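*Asks:* One structure, as structure tokens, below. Some questions next.
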Amino acid sequence: MTFRRRAAGVAATLGILALVVGVPTLLVWAYRRLWTFTWSELWVRAQMPDDGTLVIALVQVVAWVAWAYLAWGLVLEAVYRVRGMSAPRVRGLGLSQGAARRLIDAAAMLFVVVPATPIVAAPAHAVASASTGRPAPIVATAALAAPIVERTSTPVVAPVETTPPPPATFDYTVKRNESLWKIAERNLGHGAEWTQIRDLNRDVIGDNPSFIEPGMVLRIPQTADQPPGAGGTYVVEPGDTLSAIAEEQLGDANRYPEIYAASTQTTQPDGEHLNDPDLIRPGWTLTIPGPALAEAVDETDPHAGLPQQAASSAPEPTPTPSGTASTPSGTASPGETRVPAETRRPDRGNAADAPADPTADPTAPPSPDDQPDSAEMPAWLVPGLAGAGGILAGALLLTVGARRRTAARRRETGMMLPPLPPELQATARTAAAVGQAPSEAVSHLTGMLAAVAAASPDRELPPSVVTAIIDRSDVVLTLVDDAVLPAPWDGDGTSWRAPLTATDPVECDAPYPLLVPVGSDGRGRIHLVNLERLGTLSLVGDHDHVAAFARFLAASVALNPWSARVHVYALGVLEEMADIDHLRLRYFPSGDTMGIDEANQAVADASSTSADNYLLVLTAAPGDTERNLAASIAGHPGRSPVVLVSLGAEIPGSARAEITDVGRLRIASLGIDVEAPGLTRDEAEACAAVVAATDAATSVPIPVDDAATKGWQVHANLAGALRPELVADRPVDIAAPAGESSLLPAAAAEYAATAPVTTDDVAVLAPLVREGVRATVEEDLDDLDRDIALFGKKPPRRPWIRLLGPVEAAGCGDRTAAPYRDSTRLETFAYLTLHPRGATAAELKEAGIAGNSIAQRTTELRTWLGRDPETGRQFLPNAHASPDHGKAGLVYQLEGCLCDINLFRALRVRGEARGGEGGIADLVAALGLVKGIPFAQAPGHFTWVFEGERLDHIMTIAILEVASIVIAHALATGDLATARFAAEAAHRAAPDDDQAKLDLIAVAAREGHGDTAALQMLDAIGATSEDYRSPIDPSNRTKAIIARLRTSADAR
């Protein structure tokens, strides 16, 4: 830090002390000595000739007022600064707050520690961090231990480590409200590179990367594609001037012309451009030129001419000529030494340690439409499931989805499955946000590995896999021995690659149940290791990272579909994960020998080929029994059904994996150096609780919007069914008709005899409507027919959005104003249209929609939506002009926009209120809006859908219930075309639901065909399983309907 900045910090600190302590002390002293009269004498003194006393008194009063004005701004700014927040701008205190902000920023320079010499970032493969001073261990060039060598055809050699050259850097001055993630996003291209800045500046920020203050000077590594002096942006605040901004951002007020020159071409939010350096407006964005490089960049390649190695720690396999021996990818043959041709990038760090992190897809680069507006990590994101933990997020998403579908098979009519407790919603939302692409990768890889085994001459002895790499759209396998894999695999010998795509189902057990993810490299590739090939693994290194990785490993094996045959035995460890799956993970308290005894017996009883089930034994205190188990595993003649992993203690003869204190996992024998995934104890407990909660088959009432004051919401629950107080029970006698006030006016028994419903279903779905309800509902929904006619029209007369199926929308404004932003625009449009009372900026940010660019996002949407031709008002008014402005602060609220979800529920409300044929017509119109699964193919993440009561589930229930009513009426009246239409709509929305299948079977039966197929489908409903477990028993309701349909089919 320069003397000038240090002096500025001292001066600012003294200034604050003088203002807070010195000024009031001086004024009190002056009051006691210079105030020579009482307040009661003031009026008398004012009427007398002044001898200077009044002037002195007036000066004191003005001084007190001025001090209070400045002190209030200083206190306000300090309080919010301590809380890590930006202080609100108080009208009239602009000067006070501006001065206080600059004083505090300058004072912070006094307490910033800057290294006297450049700090060189530790390379990714160094075990000791730069701040510890411990020497990095020397990695021995050795093969696996004897028991392991017997399973490989060639020895495996670790790469030789070299010391990388110091990276070129430049100085960067921290600005207000910045984090390491933001700085990395701006200067290095991605927020995940924050660890490079951390490693270069450990003497400045210590071990707390969240502790950075305005004025702190950090060293930033220079990237290859980064121009010297790359800078950032600044949003103008009230009271700012260009010179003041230059002083704050560049350290010199006289450099304001540089900011002016760099910002003249920027289009501001109000459409204006900066053309006068003396006129800048709050909210404008200015471009800040970057500082010059601190030192020249050395472009000399110190490794020129050396053999090249792939950039990642586990290089892609290179095919070898047929018939020659080859080694697994990332290894060297005997006598060969590989030296990296280029310096590895510093580690990207564990997401759990980052001060901020975006929601990222770990398997594919985001498209421009999917790029987030802000690099801030959402508050709800669970770090352990992001980044390298993406595979686990995908497995969790698959598991939760399968168990939710299983539980839905026993849902009661008119009810819903209970939503997750609030404390678990962040975990489910994270899995949905980052797990979609990994879940597809998991599903595809499961099928591809099964196909490899099925094509093998002996299914019980498939090609032996050592490692696998998921590289975006491809998967790479490294084998122990030469083999020939079927199409679409391409390669030779031990190295094979194939596109990561879906395959045809194969009746085959997962051939590699112990293939587990171990981390991701700097290119975003997911590395997997077949623990079966290692037999025994000693996981050593940093205690916290080892424990976190162990939790991740256990969760992955317990949830991955290809590991369904593996049982995890946790011996005295991982008690917090006992509830994740009672079939696949068992916890044994310390001192309980049952688990280790069963493992030893499993090895003794195993055949030399394959096993029906496998055991993954995790222990933190290996004793004689565990060492005997390791020896038994090593001595097994074939595929041992047991793998032993020792946590924190090394077992002689085992493979060795080390996790450093910065979260890098290294398996030298396999040439693997990756960012290790991990779960904290709380994250592990949350994952287990989410899985356990989705297994519940209980039903709860569908909620209502208690705050609603207008529209269909006043009369119905969130599924569009009339509220209980607006309806009455049908006749107790199921043979008695209900009358025209019900959607199903005939006797309940008549509908149950012809349609896939029970009399209890009829009582719930078609009650009697109380007198006066119909008139009130029709009056409140008098514009519904007009809205239905306008929805979906192209070109649109009103903006509309479709969510009951593949998401699409149409606006009435200028689409070219913000091109290539469909996903961000649609997500904002969907959120606002489903929140009719609008949303504040804070709510939009919490939903993960707009980040820090809320004004820009809403401006783009406002321009795209356009204006109402009838009123001339914008469909998305400015927040200051919204209908509810003033009731809840600044609210973004749509006017006159159409959404199929809202129209569906409004039609259902009106249909139930009308009853009879008119009501059925409304329900048929509602089903006409259904184009597929709700929120299907939603661009972006739409993670806010996974909060609260889960509107996607509620709308699926609503569609199934409306279809059941229409089908019951249509089959009773002989209208088979309408019955077919309703059944297909239900099947489009919920293709895996039992009720949708029963609807199709019943309609097909009435149409006079498909008796054999109907019987097969009925048999399948009772034998269907959504996951690896056996099928659940159908509910009594479903059993009754199946029995009746089966009887009808047999009778024909």
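For the structure tokens, the naming scheme is as follows: chains receive sequential letters (A, B, ...) according to their order of presentation, residues are indexed from 1 within each chain, and ligands are indexed from 1 in presentation order.
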Could you pull the residues within 8 Å of A:Thr446, counting only C-alpha atoms, minus those fewer than 2 positions along the same chain, as a list in words?
*Replies:*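 In the requested format, the answer is Val442, Ser443, His444, Met448, Leu449, Ala450, Ala510, Pro561 and Trp562 of chain A.
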*Asks:* Measuring atom to atom with only C-alpha atoms, identify which of A:Arg905, A:Arg681, A:Arg101, A:Arg202 is nearest to A:Arg551.
*Replies:* A:Arg681
*Asks:* Which residue gives the smallest distance to A:Asp785 among A:Val603, A:Ala958, A:Ile1001, A:Ala906, with only C-alpha atoms counted?
*Replies:*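 The closest residue to A:Asp785 is A:Ala906.
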*Asks:* Of the residues A:Asp504, A:Asp240, A:Glu412, A:Glu650, which is the one nearest to A:Ala454, using only C-alpha atoms?
*Replies:*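 Ranking A:Asp504, A:Asp240, A:Glu412, A:Glu650 by distance to A:Ala454, first place goes to A:Asp504.
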*Asks:* Contacts of A:Pro836 at 12 Å or less, counting only C-alpha atoms, minus same-chain residues fewer than 3 places along, as a PDB file with N, CA and C atoms, in the first residue's frame?
*Replies:*
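And here's selection-v7.pdb as it stands now:
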```pdb
ATOM      1  N   ASP A 705     -55.606 -18.923  -1.160  1.00  0.00           N
ATOM      2  CA  ASP A 705     -54.914 -17.646  -1.024  1.00  0.00           C
ATOM      3  C   ASP A 705     -55.734 -16.762  -0.091  1.00  0.00           C
ATOM      4  N   ALA A 707     -55.033 -14.006   1.221  1.00  0.00           N
ATOM      5  CA  ALA A 707     -54.869 -12.565   1.017  1.00  0.00           C
ATOM      6  C   ALA A 707     -55.590 -12.064  -0.227  1.00  0.00           C
ATOM      7  N   ALA A 708     -56.234 -12.965  -0.983  1.00  0.00           N
ATOM      8  CA  ALA A 708     -56.886 -12.556  -2.233  1.00  0.00           C
ATOM      9  C   ALA A 708     -58.085 -11.651  -1.959  1.00  0.00           C
ATOM     10  N   THR A 709     -58.238 -10.644  -2.793  1.00  0.00           N
ATOM     11  CA  THR A 709     -59.371  -9.707  -2.652  1.00  0.00           C
ATOM     12  C   THR A 709     -60.197  -9.597  -3.913  1.00  0.00           C
ATOM     13  N   LYS A 710     -59.741 -10.203  -5.020  1.00  0.00           N
ATOM     14  CA  LYS A 710     -60.502 -10.122  -6.256  1.00  0.00           C
ATOM     15  C   LYS A 710     -60.136 -11.299  -7.146  1.00  0.00           C
ATOM     16  N   GLY A 711     -60.925 -11.479  -8.220  1.00  0.00           N
ATOM     17  CA  GLY A 711     -60.651 -12.539  -9.179  1.00  0.00           C
ATOM     18  C   GLY A 711     -61.087 -13.899  -8.695  1.00  0.00           C
ATOM     19  N   TRP A 712     -60.699 -14.917  -9.450  1.00  0.00           N
ATOM     20  CA  TRP A 712     -61.087 -16.283  -9.116  1.00  0.00           C
ATOM     21  C   TRP A 712     -60.523 -16.731  -7.774  1.00  0.00           C
ATOM     22  N   GLN A 713     -59.386 -16.130  -7.342  1.00  0.00           N
ATOM     23  CA  GLN A 713     -58.743 -16.561  -6.108  1.00  0.00           C
ATOM     24  C   GLN A 713     -59.642 -16.398  -4.885  1.00  0.00           C
ATOM     25  N   PHE A 829     -41.531 -12.896 -16.834  1.00  0.00           N
ATOM     26  CA  PHE A 829     -42.943 -12.791 -17.212  1.00  0.00           C
ATOM     27  C   PHE A 829     -43.763 -13.816 -16.436  1.00  0.00           C
ATOM     28  N   ALA A 830     -43.278 -15.070 -16.379  1.00  0.00           N
ATOM     29  CA  ALA A 830     -44.017 -16.124 -15.677  1.00  0.00           C
ATOM     30  C   ALA A 830     -44.154 -15.809 -14.192  1.00  0.00           C
ATOM     31  N   TYR A 831     -43.079 -15.376 -13.574  1.00  0.00           N
ATOM     32  CA  TYR A 831     -43.124 -15.097 -12.142  1.00  0.00           C
ATOM     33  C   TYR A 831     -44.135 -13.994 -11.832  1.00  0.00           C
ATOM     34  N   LEU A 832     -44.103 -12.918 -12.607  1.00  0.00           N
ATOM     35  CA  LEU A 832     -44.996 -11.791 -12.327  1.00  0.00           C
ATOM     36  C   LEU A 832     -46.454 -12.144 -12.631  1.00  0.00           C
ATOM     37  N   THR A 833     -46.699 -12.914 -13.672  1.00  0.00           N
ATOM     38  CA  THR A 833     -48.081 -13.225 -14.012  1.00  0.00           C
ATOM     39  C   THR A 833     -48.702 -14.195 -13.003  1.00  0.00           C
ATOM     40  N   ALA A 839     -44.576  -8.062  -7.380  1.00  0.00           N
ATOM     41  CA  ALA A 839     -43.402  -8.498  -6.637  1.00  0.00           C
ATOM     42  C   ALA A 839     -42.454  -7.326  -6.475  1.00  0.00           C
ATOM     43  N   LEU A 876     -46.595  -3.577 -18.228  1.00  0.00           N
ATOM     44  CA  LEU A 876     -45.795  -3.617 -17.003  1.00  0.00           C
ATOM     45  C   LEU A 876     -45.420  -2.179 -16.661  1.00  0.00           C
ATOM     46  N   SER A 882     -47.279   1.432 -10.488  1.00  0.00           N
ATOM     47  CA  SER A 882     -48.067   0.212 -10.408  1.00  0.00           C
ATOM     48  C   SER A 882     -49.319   0.445  -9.570  1.00  0.00           C
ATOM     49  N   PRO A 883     -50.380  -0.329  -9.815  1.00  0.00           N
ATOM     50  CA  PRO A 883     -51.642  -0.122  -9.074  1.00  0.00           C
ATOM     51  C   PRO A 883     -51.484  -0.206  -7.565  1.00  0.00           C
ATOM     52  N   ASP A 884     -50.594  -1.051  -7.082  1.00  0.00           N
ATOM     53  CA  ASP A 884     -50.440  -1.227  -5.636  1.00  0.00           C
ATOM     54  C   ASP A 884     -49.253  -0.453  -5.085  1.00  0.00           C
ATOM     55  N   VAL A 891     -43.463  -1.901  -6.333  1.00  0.00           N
ATOM     56  CA  VAL A 891     -43.948  -3.211  -6.751  1.00  0.00           C
ATOM     57  C   VAL A 891     -44.004  -3.265  -8.269  1.00  0.00           C
ATOM     58  N   TYR A 892     -43.446  -4.347  -8.836  1.00  0.00           N
ATOM     59  CA  TYR A 892     -43.577  -4.606 -10.274  1.00  0.00           C
ATOM     60  C   TYR A 892     -44.817  -5.476 -10.470  1.00  0.00           C
ATOM     61  N   GLN A 893     -45.812  -4.934 -11.183  1.00  0.00           N
ATOM     62  CA  GLN A 893     -47.120  -5.588 -11.259  1.00  0.00           C
ATOM     63  C   GLN A 893     -47.647  -5.508 -12.682  1.00  0.00           C
ATOM     64  N   LEU A 894     -48.001  -6.678 -13.243  1.00  0.00           N
ATOM     65  CA  LEU A 894     -48.521  -6.731 -14.603  1.00  0.00           C
ATOM     66  C   LEU A 894     -49.981  -6.288 -14.645  1.00  0.00           C
ATOM     67  N   GLU A 895     -50.380  -5.764 -15.793  1.00  0.00           N
ATOM     68  CA  GLU A 895     -51.778  -5.389 -16.019  1.00  0.00           C
ATOM     69  C   GLU A 895     -52.223  -5.952 -17.365  1.00  0.00           C
ATOM     70  N   GLY A 896     -53.321  -6.708 -17.361  1.00  0.00           N
ATOM     71  CA  GLY A 896     -53.942  -7.140 -18.608  1.00  0.00           C
ATOM     72  C   GLY A 896     -53.238  -8.252 -19.344  1.00  0.00           C
ATOM     73  N   CYS A 897     -52.274  -8.931 -18.740  1.00  0.00           N
ATOM     74  CA  CYS A 897     -51.574 -10.037 -19.387  1.00  0.00           C
ATOM     75  C   CYS A 897     -52.301 -11.355 -19.100  1.00  0.00           C
ATOM     76  N   LEU A 898     -52.145 -12.303 -19.997  1.00  0.00           N
ATOM     77  CA  LEU A 898     -52.891 -13.555 -19.930  1.00  0.00           C
ATOM     78  C   LEU A 898     -51.947 -14.726 -19.680  1.00  0.00           C
ATOM     79  N   CYS A 899     -52.394 -15.662 -18.838  1.00  0.00           N
ATOM     80  CA  CYS A 899     -51.613 -16.861 -18.519  1.00  0.00           C
ATOM     81  C   CYS A 899     -52.567 -18.053 -18.489  1.00  0.00           C
ATOM     82  N   ASN A 902     -53.759 -19.307 -14.969  1.00  0.00           N
ATOM     83  CA  ASN A 902     -54.819 -18.492 -14.365  1.00  0.00           C
ATOM     84  C   ASN A 902     -56.148 -18.692 -15.086  1.00  0.00           C
TER      85      ASN A 902
END
```
*Asks:* How many Å separate atom CA of A:Thr1047 from atom CA of A:Pro767?
*Replies:*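 It comes out at 28.6 Å.
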*Asks:* To one decimal place in Å, what is the distance between atom CA of A:Ala716 and atom CA of A:Pro737?
*Replies:*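 Separating atom CA of A:Ala716 from atom CA of A:Pro737 is a distance of 24.7 Å.
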*Asks:* Write out as a PDB file with C-alpha atoms, in the first residue's frame which residues come within 9 Å of stretch 993-998 of chain A when counting only C-alpha atoms, dropping same-chain ones fewer than 2 positions away.
*Replies:*
```
ATOM      1  CA  ARG A 405     -44.367 -40.088  -8.327  1.00  0.00           C
ATOM      2  CA  ALA A 408     -48.630 -39.647  -5.713  1.00  0.00           C
ATOM      3  CA  ARG A 409     -50.089 -43.070  -6.557  1.00  0.00           C
ATOM      4  CA  PRO A 756     -62.840 -44.749 -13.558  1.00  0.00           C
ATOM      5  CA  LEU A 960     -56.396 -34.764 -13.513  1.00  0.00           C
ATOM      6  CA  ALA A 963     -60.452 -34.567 -16.652  1.00  0.00           C
ATOM      7  CA  SER A 964     -62.073 -37.056 -14.254  1.00  0.00           C
ATOM      8  CA  ALA A 983     -58.344 -38.559 -21.218  1.00  0.00           C
ATOM      9  CA  GLU A 984     -55.639 -37.496 -23.665  1.00  0.00           C
ATOM     10  CA  ALA A 985     -55.350 -34.090 -22.004  1.00  0.00           C
ATOM     11  CA  ALA A 986     -54.811 -35.782 -18.639  1.00  0.00           C
ATOM     12  CA  HIS A 987     -52.237 -38.123 -20.124  1.00  0.00           C
ATOM     13  CA  ARG A 988     -50.350 -35.212 -21.709  1.00  0.00           C
ATOM     14  CA  ALA A 989     -50.105 -33.503 -18.334  1.00  0.00           C
ATOM     15  CA  ALA A 990     -49.261 -36.595 -16.267  1.00  0.00           C
ATOM     16  CA  PRO A 991     -48.125 -39.501 -18.467  1.00  0.00           C
ATOM     17  CA  LEU A1000     -57.360 -44.034 -21.208  1.00  0.00           C
ATOM     18  CA  ILE A1001     -58.193 -47.673 -20.422  1.00  0.00           C
ATOM     19  CA  ALA A1002     -61.808 -46.852 -19.526  1.00  0.00           C
ATOM     20  CA  VAL A1003     -62.370 -44.745 -22.646  1.00  0.00           C
ATOM     21  CA  MET A1017     -52.222 -52.034 -18.889  1.00  0.00           C
ATOM     22  CA  LEU A1018     -54.226 -52.847 -15.787  1.00  0.00           C
ATOM     23  CA  ILE A1021     -50.392 -50.408 -13.064  1.00  0.00           C
ATOM     24  CA  THR A1038     -57.187 -47.789  -7.353  1.00  0.00           C
ATOM     25  CA  ILE A1041     -61.338 -49.217 -10.114  1.00  0.00           C
ATOM     26  CA  ILE A1042     -58.945 -51.828 -11.561  1.00  0.00           C
ATOM     27  CA  LEU A1045     -62.483 -52.352 -15.304  1.00  0.00           C
TER      28      LEU A1045
END
```
*Asks:* Mind listing the alpha helix (DSSP H) residues of stretch 830-981 of chain A, per DSSP on the backbone, as a VMD selection string?
*Replies:* chain A and resid 830 to 833 841 to 846 854 to 865 900 to 914 916 to 927 951 to 973 976 to 981
*Asks:* Tell me, in Å to one decimal, how far atom CA of A:Val714 is from atom CA of A:Arg774.
*Replies:*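 Straight-line distance from atom CA of A:Val714 to atom CA of A:Arg774 works out to 13.2 Å.
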*Asks:* Compile the contact shell of stretch 625-634 of chain A as a PyMOL selection string: residues with an atom at most 10 Å away, counting only C-alpha atoms, same-chain residues fewer than 4 positions apart removed.
*Replies:* chain A and resi 145-151+532+534-537+593+596-597+599-601+603-604+617+619+621+638-646+651-654
